[in-house]
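Q: Here you go, run_33.cif (mmCIF, C-alpha atoms):
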```cif
data_upload
#
loop_
_atom_site.label_atom_id
_atom_site.label_comp_id
_atom_site.auth_asym_id
_atom_site.auth_seq_id
_atom_site.Cartn_x
_atom_site.Cartn_y
_atom_site.Cartn_z
CA MET L 1 333.51 234.91 -71.78
CA GLU L 2 330.36 237.04 -71.91
CA ALA L 3 327.56 236.24 -69.49
CA ALA L 4 325.06 235.52 -72.30
CA GLN L 5 327.41 233.07 -73.99
CA ARG L 6 328.23 231.39 -70.69
CA LEU L 7 324.51 231.06 -69.92
CA LYS L 8 323.84 229.51 -73.33
CA ILE L 9 326.55 226.91 -72.80
CA TRP L 10 325.29 226.00 -69.35
CA GLN L 11 321.68 225.85 -70.56
CA TRP L 12 322.47 223.14 -73.06
CA VAL L 13 324.86 221.33 -70.73
CA MET L 14 322.06 221.14 -68.16
CA PHE L 15 319.51 220.18 -70.81
CA GLY L 16 321.77 217.32 -71.88
CA ILE L 17 322.33 216.11 -68.33
CA ILE L 18 318.64 216.21 -67.42
CA TRP L 19 317.60 214.65 -70.76
CA LEU L 20 320.00 211.77 -70.16
CA ALA L 21 319.10 211.48 -66.48
CA TYR L 22 315.35 211.16 -66.84
CA GLY L 23 315.55 209.17 -70.05
CA SER L 24 317.80 206.65 -68.31
CA THR L 25 314.91 205.57 -66.06
CA TYR L 26 313.59 203.68 -69.09
CA LEU L 27 316.77 201.59 -69.07
CA LEU L 28 315.53 200.29 -65.73
CA ARG L 29 311.94 199.72 -66.87
CA LYS L 30 312.24 198.29 -70.37
CA PRO L 31 314.12 195.06 -69.48
CA LEU L 32 310.91 193.80 -67.84
CA GLY L 33 309.24 193.63 -71.24
CA VAL L 34 312.14 191.68 -72.75
CA VAL L 35 312.89 189.11 -70.02
CA LYS L 36 309.37 188.18 -68.92
CA ASN L 37 309.66 184.79 -70.57
CA ASP L 38 312.96 184.12 -68.75
CA LEU L 39 311.54 185.37 -65.45
CA GLN L 40 308.55 183.08 -65.82
CA LYS L 41 310.80 180.04 -66.26
CA ALA L 42 313.53 180.95 -63.76
CA LEU L 43 311.22 181.94 -60.90
CA ASP L 44 308.29 179.67 -61.82
CA ILE L 45 305.78 182.48 -62.30
CA SER L 46 302.30 181.95 -63.74
CA VAL L 47 300.95 184.10 -66.58
CA VAL L 48 298.70 185.95 -64.13
CA GLY L 49 301.66 186.36 -61.79
CA LEU L 50 303.58 188.08 -64.58
CA GLY L 51 300.92 190.78 -64.58
CA TRP L 52 301.74 191.64 -60.98
CA VAL L 53 305.39 192.13 -61.94
CA ASP L 54 304.37 195.31 -63.78
CA THR L 55 302.09 196.34 -60.93
CA ALA L 56 304.89 195.94 -58.38
CA LEU L 57 306.86 198.59 -60.28
CA LEU L 58 304.03 200.93 -61.27
CA LEU L 59 301.76 200.97 -58.20
CA PRO L 60 304.43 202.46 -55.89
CA TYR L 61 305.33 204.83 -58.72
CA ALA L 62 301.74 206.07 -58.93
CA GLY L 63 301.24 206.17 -55.16
CA VAL L 64 304.35 208.20 -54.43
CA SER L 65 303.60 210.55 -57.33
CA LEU L 66 300.10 211.32 -56.07
CA VAL L 67 300.64 211.35 -52.31
CA PHE L 68 304.25 212.24 -51.55
CA GLY L 69 305.08 214.93 -54.08
CA SER L 70 305.84 217.40 -51.30
CA ILE L 71 308.94 215.36 -50.41
CA GLY L 72 310.48 216.44 -53.69
CA ASP L 73 309.73 220.09 -52.88
CA ARG L 74 311.49 219.79 -49.54
CA LEU L 75 314.56 217.99 -50.88
CA GLY L 76 314.88 220.09 -54.02
CA PRO L 77 315.05 218.81 -57.61
CA ARG L 78 318.78 218.07 -57.62
CA VAL L 79 318.66 215.71 -54.64
CA THR L 80 315.29 214.26 -55.64
CA LEU L 81 316.38 213.38 -59.17
CA GLY L 82 319.94 212.33 -58.40
CA GLY L 83 319.03 210.40 -55.26
CA GLY L 84 316.06 208.74 -56.95
CA LEU L 85 318.25 207.47 -59.78
CA VAL L 86 320.86 206.07 -57.42
CA ILE L 87 318.34 204.25 -55.19
CA ALA L 88 316.41 202.89 -58.18
CA SER L 89 319.60 201.60 -59.79
CA ILE L 90 320.64 199.81 -56.58
CA ALA L 91 317.25 198.10 -56.32
CA THR L 92 317.33 197.12 -60.00
CA VAL L 93 320.83 195.68 -59.98
CA CYS L 94 319.80 193.47 -57.06
CA ILE L 95 317.24 191.80 -59.34
CA SER L 96 320.18 190.14 -61.08
CA VAL L 97 320.70 187.91 -58.04
CA CYS L 98 317.03 187.49 -57.20
CA GLU L 99 315.88 183.90 -56.57
CA SER L 100 312.22 184.31 -55.51
CA TYR L 101 309.07 185.89 -56.88
CA LEU L 102 308.31 187.88 -53.72
CA THR L 103 311.83 189.30 -53.59
CA LEU L 104 311.47 190.36 -57.22
CA LEU L 105 308.22 192.19 -56.42
CA ALA L 106 309.81 193.93 -53.42
CA LEU L 107 312.83 195.14 -55.42
CA LEU L 108 310.60 196.40 -58.23
CA ALA L 109 308.49 198.28 -55.67
CA VAL L 110 311.57 200.07 -54.33
CA SER L 111 312.70 200.89 -57.86
CA GLY L 112 309.28 202.25 -58.84
CA ALA L 113 308.91 204.38 -55.72
CA SER L 114 312.41 205.82 -56.22
CA GLN L 115 311.66 206.79 -59.82
CA ALA L 116 308.28 208.37 -59.01
CA LEU L 117 309.50 211.92 -58.34
CA CYS L 118 312.18 211.95 -61.03
CA TRP L 119 309.86 213.43 -63.66
CA PRO L 120 308.63 216.44 -61.63
CA ALA L 121 312.18 217.01 -60.36
CA SER L 122 313.50 216.99 -63.93
CA CYS L 123 310.82 219.45 -65.03
CA ALA L 124 311.48 221.76 -62.09
CA MET L 125 315.23 221.74 -62.71
CA LEU L 126 314.80 222.29 -66.45
CA ALA L 127 312.34 225.17 -65.99
CA ARG L 128 314.86 227.10 -63.91
CA TRP L 129 317.34 227.17 -66.78
CA PHE L 130 315.13 228.49 -69.61
CA SER L 131 312.92 231.52 -70.17
CA ASP L 132 309.16 231.24 -70.07
CA ALA L 133 308.96 232.01 -73.80
CA ALA L 134 311.28 229.09 -74.68
CA ARG L 135 309.79 226.62 -72.26
CA ASN L 136 307.26 224.97 -74.59
CA THR L 137 309.89 224.29 -77.24
CA VAL L 138 312.37 223.02 -74.66
CA PHE L 139 309.87 220.70 -73.00
CA GLY L 140 308.74 219.38 -76.37
CA MET L 141 312.34 218.41 -77.11
CA PHE L 142 312.78 217.06 -73.60
CA GLY L 143 309.78 214.73 -73.95
CA THR L 144 311.61 212.78 -76.66
CA CYS L 145 313.94 211.29 -74.05
CA CYS L 146 311.20 208.88 -72.93
CA PHE L 147 310.91 207.28 -76.35
CA VAL L 148 314.56 207.46 -77.38
CA PHE L 149 315.58 205.68 -74.19
CA GLY L 150 312.63 203.33 -74.52
CA MET L 151 314.10 202.14 -77.82
CA ALA L 152 317.62 202.09 -76.41
CA GLY L 153 316.45 200.18 -73.34
CA THR L 154 314.80 197.47 -75.39
CA THR L 155 317.71 197.15 -77.81
CA LEU L 156 320.28 197.00 -74.99
CA ALA L 157 318.20 194.47 -73.07
CA VAL L 158 317.89 192.23 -76.14
CA TYR L 159 321.65 192.37 -76.71
CA LEU L 160 322.54 191.67 -73.08
CA GLN L 161 319.98 188.88 -72.82
CA ASN L 162 321.22 187.20 -75.97
CA THR L 163 324.91 187.63 -75.08
CA TYR L 164 325.08 187.16 -71.31
CA GLY L 165 321.71 185.90 -70.10
CA TRP L 166 318.67 187.57 -68.51
CA ARG L 167 320.29 188.43 -65.18
CA ASP L 168 322.91 190.69 -66.77
CA VAL L 169 320.12 192.67 -68.41
CA PHE L 170 319.64 194.43 -65.06
CA VAL L 171 323.32 195.01 -64.24
CA HIS L 172 324.82 197.20 -66.98
CA PRO L 173 321.91 199.68 -67.25
CA SER L 174 321.84 200.08 -63.47
CA LEU L 175 325.50 201.05 -63.36
CA PHE L 176 324.93 203.65 -66.09
CA VAL L 177 321.88 205.09 -64.31
CA ALA L 178 323.75 205.28 -61.00
CA ALA L 179 326.57 207.19 -62.68
CA LEU L 180 324.06 209.68 -64.09
CA GLY L 181 322.49 210.01 -60.65
CA PHE L 182 325.82 211.04 -59.15
CA LEU L 183 326.39 213.40 -62.10
CA VAL L 184 323.09 215.13 -61.31
CA LEU L 185 324.02 215.42 -57.63
CA ILE L 186 327.32 217.04 -58.57
CA MET L 187 326.27 219.20 -61.55
CA GLY L 188 322.58 219.88 -61.04
CA ARG L 189 322.89 223.44 -59.69
CA ASP L 190 320.49 226.32 -60.28
CA PRO L 191 321.58 229.26 -62.48
CA GLY L 192 321.92 231.49 -59.41
CA GLU L 193 324.40 229.07 -57.88
CA ARG L 194 326.55 229.59 -60.97
CA SER L 195 326.13 233.38 -60.84
CA LEU L 196 323.87 233.32 -63.89
CA ILE L 197 320.56 235.06 -64.55
CA VAL L 198 318.01 233.66 -67.03
CA PRO L 199 316.33 236.58 -68.86
CA GLY L 200 312.56 236.38 -69.33
CA ARG L 201 311.97 233.88 -66.58
CA VAL L 202 309.16 234.71 -64.19
CA THR L 203 309.02 232.79 -60.94
CA VAL L 204 305.51 231.42 -60.47
CA PRO L 205 304.47 230.41 -56.94
CA THR L 206 303.26 226.87 -56.50
CA LYS L 207 299.90 228.12 -55.23
CA THR L 208 298.45 231.51 -56.05
CA SER L 209 295.83 233.43 -54.17
CA SER L 210 293.34 232.75 -56.94
CA GLU L 211 293.56 228.99 -56.57
CA VAL L 212 290.76 227.23 -54.76
CA SER L 213 290.71 224.06 -52.70
CA LEU L 214 288.40 221.47 -54.20
CA SER L 215 287.71 217.89 -53.20
CA PHE L 216 288.27 215.04 -55.61
CA LEU L 217 284.53 214.75 -56.24
CA SER L 218 284.28 218.48 -56.93
CA LEU L 219 287.16 218.28 -59.40
CA TRP L 220 285.61 215.24 -61.03
CA ARG L 221 282.38 217.18 -61.65
CA LEU L 222 284.16 219.96 -63.53
CA SER L 223 283.37 220.26 -67.24
CA SER L 224 285.35 217.81 -69.42
CA VAL L 225 287.47 216.47 -66.53
CA PRO L 226 285.90 212.96 -66.42
CA GLU L 227 286.17 212.60 -70.19
CA VAL L 228 289.77 213.83 -70.39
CA SER L 229 290.70 211.62 -67.43
CA LEU L 230 289.17 208.54 -69.05
CA ALA L 231 290.97 209.29 -72.31
CA MET L 232 294.24 209.65 -70.39
CA PHE L 233 293.59 206.35 -68.58
CA CYS L 234 293.15 204.55 -71.91
CA VAL L 235 296.14 206.18 -73.62
CA LYS L 236 298.51 205.36 -70.75
CA SER L 237 297.14 201.82 -70.42
CA VAL L 238 297.83 201.11 -74.08
CA ARG L 239 301.25 202.77 -74.06
CA TYR L 240 302.53 200.86 -71.03
CA ALA L 241 300.91 197.58 -72.05
CA LEU L 242 302.75 197.70 -75.37
CA MET L 243 305.94 198.87 -73.68
CA PHE L 244 305.98 195.94 -71.23
CA TRP L 245 304.15 193.17 -73.13
CA LEU L 246 304.72 193.63 -76.86
CA PRO L 247 307.91 191.52 -77.03
CA LEU L 248 306.14 188.64 -75.25
CA TYR L 249 303.12 189.01 -77.57
CA LEU L 250 305.36 188.84 -80.65
CA LEU L 251 307.16 185.84 -79.17
CA HIS L 252 304.02 183.80 -78.48
CA SER L 253 301.52 185.06 -81.03
CA LEU L 254 303.76 185.52 -84.10
CA ASN L 255 306.42 182.94 -83.12
CA TYR L 256 309.35 185.33 -83.29
CA SER L 257 312.65 184.63 -81.61
CA GLN L 258 313.35 186.63 -78.46
CA VAL L 259 315.85 188.83 -80.29
CA THR L 260 313.54 189.59 -83.22
CA ALA L 261 310.55 190.18 -80.94
CA GLY L 262 312.49 192.70 -78.87
CA LEU L 263 313.80 194.58 -81.90
CA VAL L 264 310.46 194.71 -83.74
CA SER L 265 308.77 196.05 -80.60
CA THR L 266 310.96 199.18 -80.78
CA ALA L 267 308.90 200.34 -83.78
CA PHE L 268 306.31 201.58 -81.29
CA GLU L 269 308.92 203.77 -79.58
CA VAL L 270 310.20 205.08 -82.90
CA GLY L 271 306.72 206.26 -83.71
CA GLY L 272 306.29 207.61 -80.20
CA THR L 273 309.41 209.74 -80.55
CA LEU L 274 308.10 211.34 -83.73
CA GLY L 275 304.63 211.85 -82.27
CA SER L 276 306.04 213.50 -79.17
CA ALA L 277 308.36 215.78 -81.13
CA PHE L 278 305.85 217.03 -83.68
CA VAL L 279 302.50 217.07 -81.87
CA GLY L 280 302.85 220.73 -80.90
CA VAL L 281 303.58 221.75 -84.49
CA VAL L 282 300.53 219.85 -85.74
CA VAL L 283 298.20 221.41 -83.18
CA ASP L 284 299.42 224.96 -83.77
CA ARG L 285 299.83 224.94 -87.55
CA CYS L 286 297.20 222.46 -88.73
CA MET L 287 294.50 222.31 -86.05
CA GLY L 288 294.24 225.93 -84.93
CA GLY L 289 295.27 225.11 -81.37
CA ARG L 290 292.45 222.58 -80.85
CA ALA L 291 294.36 220.17 -78.63
CA ILE L 292 291.44 218.04 -77.38
CA LEU L 293 290.10 217.47 -80.87
CA THR L 294 293.60 216.67 -82.09
CA SER L 295 293.95 214.13 -79.28
CA ALA L 296 290.64 212.50 -80.18
CA ILE L 297 291.60 212.16 -83.85
CA ALA L 298 295.07 210.83 -82.99
CA ILE L 299 293.74 208.23 -80.52
CA SER L 300 291.28 207.06 -83.17
CA ALA L 301 294.16 206.75 -85.63
CA SER L 302 296.10 204.74 -83.04
CA ALA L 303 293.20 202.30 -82.70
CA LEU L 304 292.95 201.92 -86.48
CA SER L 305 296.72 201.39 -86.75
CA LEU L 306 296.61 198.59 -84.19
CA LEU L 307 293.63 197.04 -85.96
CA ALA L 308 295.55 197.18 -89.26
CA PHE L 309 298.51 195.56 -87.49
CA VAL L 310 296.33 192.60 -86.45
CA ILE L 311 294.77 192.20 -89.90
CA LEU L 312 297.96 192.65 -91.93
CA ALA L 313 300.47 190.95 -89.61
CA PRO L 314 300.45 187.72 -91.70
CA LEU L 315 301.80 189.73 -94.67
CA GLY L 316 305.18 190.11 -93.00
CA ILE L 317 307.44 192.11 -90.75
CA LEU L 318 307.37 195.28 -92.90
CA PHE L 319 303.64 195.77 -92.34
CA GLN L 320 304.01 195.00 -88.65
CA VAL L 321 306.75 197.61 -88.19
CA ILE L 322 304.86 200.27 -90.17
CA PHE L 323 301.62 199.97 -88.22
CA LEU L 324 303.33 199.62 -84.84
CA GLY L 325 305.20 202.85 -85.64
CA LEU L 326 301.96 204.62 -86.59
CA ALA L 327 300.27 203.34 -83.43
CA GLY L 328 303.13 204.72 -81.36
CA ALA L 329 303.03 208.14 -83.00
CA PHE L 330 299.27 208.49 -82.62
CA ASN L 331 299.27 207.20 -79.04
CA CYS L 332 302.18 209.17 -77.59
CA GLY L 333 301.25 212.55 -79.08
CA PRO L 334 297.91 212.73 -77.17
CA ASP L 335 299.76 211.55 -74.06
CA ILE L 336 301.64 214.87 -74.07
CA LEU L 337 298.54 216.98 -74.72
CA LEU L 338 296.15 215.38 -72.24
CA ALA L 339 298.64 215.16 -69.37
CA GLY L 340 299.97 218.67 -69.85
CA SER L 341 298.27 221.54 -71.61
CA VAL L 342 294.71 220.19 -71.66
CA ALA L 343 294.60 219.38 -67.94
CA ALA L 344 296.25 222.66 -66.97
CA ASP L 345 293.88 224.70 -69.13
CA LEU L 346 290.79 223.03 -67.68
CA GLY L 347 292.05 223.68 -64.15
CA GLU L 348 293.04 227.29 -64.74
CA ARG L 349 289.45 228.16 -65.67
CA VAL L 350 288.38 227.44 -62.08
CA GLY L 351 291.64 228.42 -60.34
CA ALA L 352 292.69 224.83 -59.70
CA ALA L 353 295.24 224.01 -62.39
CA THR L 354 297.48 221.92 -60.12
CA ALA L 355 294.58 219.92 -58.69
CA VAL L 356 292.98 219.13 -62.05
CA THR L 357 296.34 218.16 -63.55
CA GLY L 358 296.82 215.82 -60.57
CA VAL L 359 293.46 214.14 -61.23
CA VAL L 360 294.12 213.64 -64.94
CA ASN L 361 297.69 212.43 -64.42
CA GLY L 362 296.54 210.26 -61.53
CA MET L 363 294.07 208.52 -63.82
CA GLY L 364 296.90 207.95 -66.29
CA SER L 365 299.02 206.42 -63.53
CA LEU L 366 296.08 204.20 -62.56
CA GLY L 367 296.00 202.96 -66.14
CA THR L 368 299.67 201.99 -65.98
CA VAL L 369 299.04 200.08 -62.76
CA LEU L 370 296.06 198.11 -64.06
CA GLU L 371 297.37 197.25 -67.52
CA GLY L 372 299.57 194.44 -66.22
CA PRO L 373 296.87 192.38 -64.46
CA LEU L 374 294.42 193.13 -67.28
CA VAL L 375 296.73 191.96 -70.07
CA SER L 376 297.84 188.87 -68.15
CA LEU L 377 294.23 187.93 -67.34
CA VAL L 378 293.12 188.30 -70.96
CA ALA L 379 296.15 186.34 -72.19
CA ALA L 380 295.49 183.56 -69.67
CA GLU L 381 291.80 183.30 -70.56
CA LEU L 382 291.77 184.03 -74.30
CA GLY L 383 295.37 183.54 -75.42
CA TRP L 384 298.06 185.99 -76.51
CA GLY L 385 296.27 186.71 -79.76
CA ALA L 386 293.66 188.69 -77.80
CA MET L 387 296.16 191.26 -76.50
CA ILE L 388 296.23 193.65 -79.48
CA PRO L 389 292.42 193.57 -79.95
CA LEU L 390 292.22 194.58 -76.28
CA MET L 391 294.46 197.56 -77.06
CA VAL L 392 292.17 198.47 -79.98
CA ILE L 393 289.15 198.46 -77.67
CA LEU L 394 290.90 200.60 -75.05
CA SER L 395 292.06 203.07 -77.70
CA ALA L 396 288.56 203.29 -79.17
CA LEU L 397 287.15 203.97 -75.70
CA GLY L 398 289.75 206.71 -75.17
CA ALA L 399 288.90 208.26 -78.53
CA VAL L 400 285.18 208.38 -77.71
CA ALA L 401 285.95 210.04 -74.36
CA ALA L 402 288.24 212.61 -76.02
CA PHE L 403 285.67 213.42 -78.74
CA LYS L 404 283.03 213.94 -76.05
CA ALA L 405 285.40 216.20 -74.12
CA SER L 406 286.08 218.26 -77.23
CA VAL L 407 282.35 218.79 -77.82
CA ILE L 408 281.73 219.73 -74.18
CA HIS L 409 284.69 222.09 -74.15
CA ALA L 410 283.67 223.80 -77.39
CA ARG L 411 280.08 224.32 -76.24
CA GLY L 412 280.84 225.29 -72.67
CA GLU L 413 283.92 227.47 -73.10
CA GLY L 414 283.55 228.80 -76.64
CA GLY L 415 287.20 228.06 -77.37
CA TRP L 416 289.82 225.38 -77.59
CA VAL L 417 292.71 224.28 -75.41
CA GLN L 418 296.08 225.51 -76.65
CA VAL L 419 299.05 223.20 -76.72
CA SER L 420 301.89 223.26 -74.22
CA PRO L 421 303.80 220.03 -74.76
CA VAL L 422 304.76 218.88 -71.29
CA GLU L 423 304.31 215.16 -70.41
CA ASP L 424 304.14 213.37 -67.14
CA ALA L 425 305.91 210.15 -68.07
#
```
Could you show the structure in this file as structure tokens?

A:
Amino acid sequence: MEAAQRLKIWQWVMFGIIWLAYGSTYLLRKPLGVVKNDLQKALDISVVGLGWVDTALLLPYAGVSLVFGSIGDRLGPRVTLGGGLVIASIATVCISVCESYLTLLALLAVSGASQALCWPASCAMLARWFSDAARNTVFGMFGTCCFVFGMAGTTLAVYLQNTYGWRDVFVHPSLFVAALGFLVLIMGRDPGERSLIVPGRVTVPTKTSSEVSLSFLSLWRLSSVPEVSLAMFCVKSVRYALMFWLPLYLLHSLNYSQVTAGLVSTAFEVGGTLGSAFVGVVVDRCMGGRAILTSAIAISASALSLLAFVILAPLGILFQVIFLGLAGAFNCGPDILLAGSVAADLGERVGAATAVTGVVNGMGSLGTVLEGPLVSLVAAELGWGAMIPLMVILSALGAVAAFKASVIHARGEGGWVQVSPVEDA
């Protein structure tokens, strides 16, 4: 077999393995959104306490991502990704025998911390297998795994809950994720280890001589960084709030059964998959590369879609599914732009691409941490009907921030950020 043909085969084998591996983390996360009602009854958890269930998973995830990223560099992407999946699956399967609220929080914390470095490890491993010219296309395709597995995770959780009970919801996905973790440990080799060379791939050092060391406050004062960070905070807050709370909202506010609520909630992920896959095409072909402006328009459309969902929900399930799908598409597309190409471009202009990307992504992670307590507090004080209006307000705030960033960027730089669809999920 010729070397080029052998490389092509291995490229797509590795793409498939990594796509499955990272996407499978959503099989560990999504059950939380489906079984919250069962958890509340079984472990006697208050509505406010349910908010801290999300935080227990996401706060360690954010903390490890921001502070301990160097551990992944030392271990290498194969061990970081494979080992993270195995540890997270062990912690998650233990939830099936959990009998106390504090034990549940501890197990979720271990699972979240173990998953934290899986995304950068996946990206690092994937980048080694494809040329620089093909990377944007490859990463755009790779980003769909988050939403495809988000839908699969919800659907599987609904089936397992309805068939076997809430505890089994955590068992079967964990076994699958553990198997993928071991597959990564066995198969996740670099091209050089398989005597392959990837043409057109330039090795970029993690820190170049042109990069500068800036404090957080200095980074925060850079042009457009506060606005882009706030937009990212809002986008991530809405995405994760709907991912973890939408089934419970549909259950209590629209009086759906648990099965129907879980299945209808997947409309958001369906839209998110399409938004993730096509956002790069829209920016390049329709918006002249203006990624910040595209993000602002899309976030506005997401807010309007959620508002239409609230207004038209009484008309039936068809309208609910349509507008949840539109909200997902318009929310998840900007997620890719703001966390990837926009942040990197802003940082490169001052020689601090890595640092600025860390600030923007860190704000997004902060949004995922705070959405749980915020949603639970609003639901406890105002009722479940207030949840979607809260998402509309957050989306509108994110849109205003993104529009302001686009104006600042256009005036200050005389150009627009080009798209490079890579997401920190």

Q: Provide the atom CA of L:Thr80 to atom CA of L:Ser24 distance in Å, to one decimal place.

A: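 Between atom CA of L:Thr80 and atom CA of L:Ser24 the gap works out to 15.0 Å.
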
Q: With a distance cut-off of 12 Å and only C-alpha atoms, select the neighbouring residues of L:Ala379, excluding the residue or stretch itself and same-chain residues fewer than 3 positions from it, and output the selection as a compact mmCIF listing (two decimals) with C-alpha atoms, keeping the file's coordinate frame.

A:
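result_21.txt written:
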```
# COMPACT_ATOMS: atom_id res chain seq x y z
CA SER L 46 302.30 181.95 -63.74
CA VAL L 47 300.95 184.10 -66.58
CA VAL L 48 298.70 185.95 -64.13
CA GLY L 49 301.66 186.36 -61.79
CA LEU L 50 303.58 188.08 -64.58
CA GLY L 51 300.92 190.78 -64.58
CA TRP L 245 304.15 193.17 -73.13
CA LEU L 248 306.14 188.64 -75.25
CA TYR L 249 303.12 189.01 -77.57
CA HIS L 252 304.02 183.80 -78.48
CA SER L 253 301.52 185.06 -81.03
CA GLU L 371 297.37 197.25 -67.52
CA GLY L 372 299.57 194.44 -66.22
CA PRO L 373 296.87 192.38 -64.46
CA LEU L 374 294.42 193.13 -67.28
CA VAL L 375 296.73 191.96 -70.07
CA SER L 376 297.84 188.87 -68.15
CA LEU L 382 291.77 184.03 -74.30
CA GLY L 383 295.37 183.54 -75.42
CA TRP L 384 298.06 185.99 -76.51
CA GLY L 385 296.27 186.71 -79.76
CA ALA L 386 293.66 188.69 -77.80
CA MET L 387 296.16 191.26 -76.50
CA ILE L 388 296.23 193.65 -79.48
CA PRO L 389 292.42 193.57 -79.95
CA LEU L 390 292.22 194.58 -76.28
```

Q: So, counting all atoms listed in the file, which residue among L:Leu43, L:Leu28, L:Val198, L:Ala343 is closest to L:Leu7?

A: L:Val198

Q: For atom CA of L:Ala109 and atom CA of L:Ala91, quote the distance in Å rounded to one decimal.

A: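 Going from atom CA of L:Ala109 over to atom CA of L:Ala91, I get 8.8 Å.
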
Q: Could I get the residues of stretch 376-401 of chain L with an atom no further than 9 Å from an atom of stretch 276-296 of chain L, each paired with its nearest atom pair and that distance in Å to one decimal, using all atoms listed in the file, sorted by chain and residue number, as CSV?

A:
```
residue,atom,partner,partner_atom,distance
L:Gly398,CA,L:Ala296,CA,7.7
L:Ala399,CA,L:Ala296,CA,4.9
L:Val400,CA,L:Ala296,CA,7.3
L:Ala401,CA,L:Ala296,CA,7.9
```

Q: Can you find the residues with an atom no farther than 9 Å from (321.0, 221.1, -61.7), counting all atoms listed in the file, and report them as a PyMOL selection string?

A: chain L and resi 14+17-18+77-78+122+125-126+128-129+184-191

Q: For this structure, which residues satisfy the selection - the PyMOL selection byres ((chain L and resi 26) around 7) - when it is evaluated on the file as given? I want them as a list in words.

A: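 Matching residues under the PyMOL selection byres ((chain L and resi 26) around 7) are Gly23, Ser24, Thr25, Leu27, Leu28, Arg29, Lys30, Cys146, Phe149, Gly150 and Gly153 of chain L.
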
Q: Please determine, counting only C-alpha atoms, which residue among L:Ala21, L:Met363, L:Leu306, L:Met141 has the shortest atom-to-atom distance to L:Ser65.

A: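 Answer, going by the shortest atom-to-atom distance: L:Met363.
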
Q: Could you name the residues that touch stretch 392-394 of chain L at 9 Å or less, counting all atoms listed in the file, but leaving out those on the same chain fewer than 5 positions away, as a list in words?

A: Cys234, Val235, Ser237, Val238, Ser302, Ala303, Leu304, Ser305, Leu306, Leu307, Met387 and Ala399 of chain L

Q: Nearest to L:Phe147: which of L:Ser131, L:Thr266, L:Thr92, L:Ser100 is it, counting only C-alpha atoms?

A: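 Closest residue, counting only C-alpha atoms: L:Thr266.
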
Q: Find the residues near stretch 310-324 of chain L: any atom within 7 Å, counting all atoms listed in the file, skip ones fewer than 6 places away on the same chain, and give them as a list in words.

A: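 Contacts, with the query itself left out: Val264, Ala267 and Phe268 of chain L.
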
Q: If I take atom CA of L:Gly181 and atom CA of L:Gln115, how far is one from the other in Å, to one decimal?

A: 11.3 Å

Q: Which residue out of L:Phe130, L:Trp19, L:Phe330, L:Phe244 has the minimum interatomic distance to L:Val53 when only C-alpha atoms are used?

A: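 The shortest atom-to-atom distance to L:Val53 comes from L:Phe244.
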
Q: Which residues are near L:Asp38? Cut-off 12 Å, only C-alpha atoms, ignore same chain within fewer than 5 positions. Put them as a ChimeraX atom specification.

A: /L:31-33,43-46,50,161-162,165-167,169,248,258

Q: Please dump the current selection as an mmCIF file, in the frame of the given file; keep C-alpha atoms.

A:
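Contents of out-v8.cif, as written:
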```cif
data_model
loop_
_atom_site.group_PDB
_atom_site.id
_atom_site.type_symbol
_atom_site.label_atom_id
_atom_site.label_comp_id
_atom_site.auth_asym_id
_atom_site.auth_seq_id
_atom_site.Cartn_x
_atom_site.Cartn_y
_atom_site.Cartn_z
ATOM 1 C CA PRO L 31 314.120 195.060 -69.480
ATOM 2 C CA LEU L 32 310.910 193.800 -67.840
ATOM 3 C CA GLY L 33 309.240 193.630 -71.240
ATOM 4 C CA LEU L 43 311.220 181.940 -60.900
ATOM 5 C CA ASP L 44 308.290 179.670 -61.820
ATOM 6 C CA ILE L 45 305.780 182.480 -62.300
ATOM 7 C CA SER L 46 302.300 181.950 -63.740
ATOM 8 C CA LEU L 50 303.580 188.080 -64.580
ATOM 9 C CA GLN L 161 319.980 188.880 -72.820
ATOM 10 C CA ASN L 162 321.220 187.200 -75.970
ATOM 11 C CA GLY L 165 321.710 185.900 -70.100
ATOM 12 C CA TRP L 166 318.670 187.570 -68.510
ATOM 13 C CA ARG L 167 320.290 188.430 -65.180
ATOM 14 C CA VAL L 169 320.120 192.670 -68.410
ATOM 15 C CA LEU L 248 306.140 188.640 -75.250
ATOM 16 C CA GLN L 258 313.350 186.630 -78.460
#
```

Q: Using all atoms listed in the file for the distances, tell me which of L:Val360, L:Ala308, L:Ala88, L:Gly328 is nearest to L:Leu219.

A: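 Ranking L:Val360, L:Ala308, L:Ala88, L:Gly328 by distance to L:Leu219, first place goes to L:Val360.
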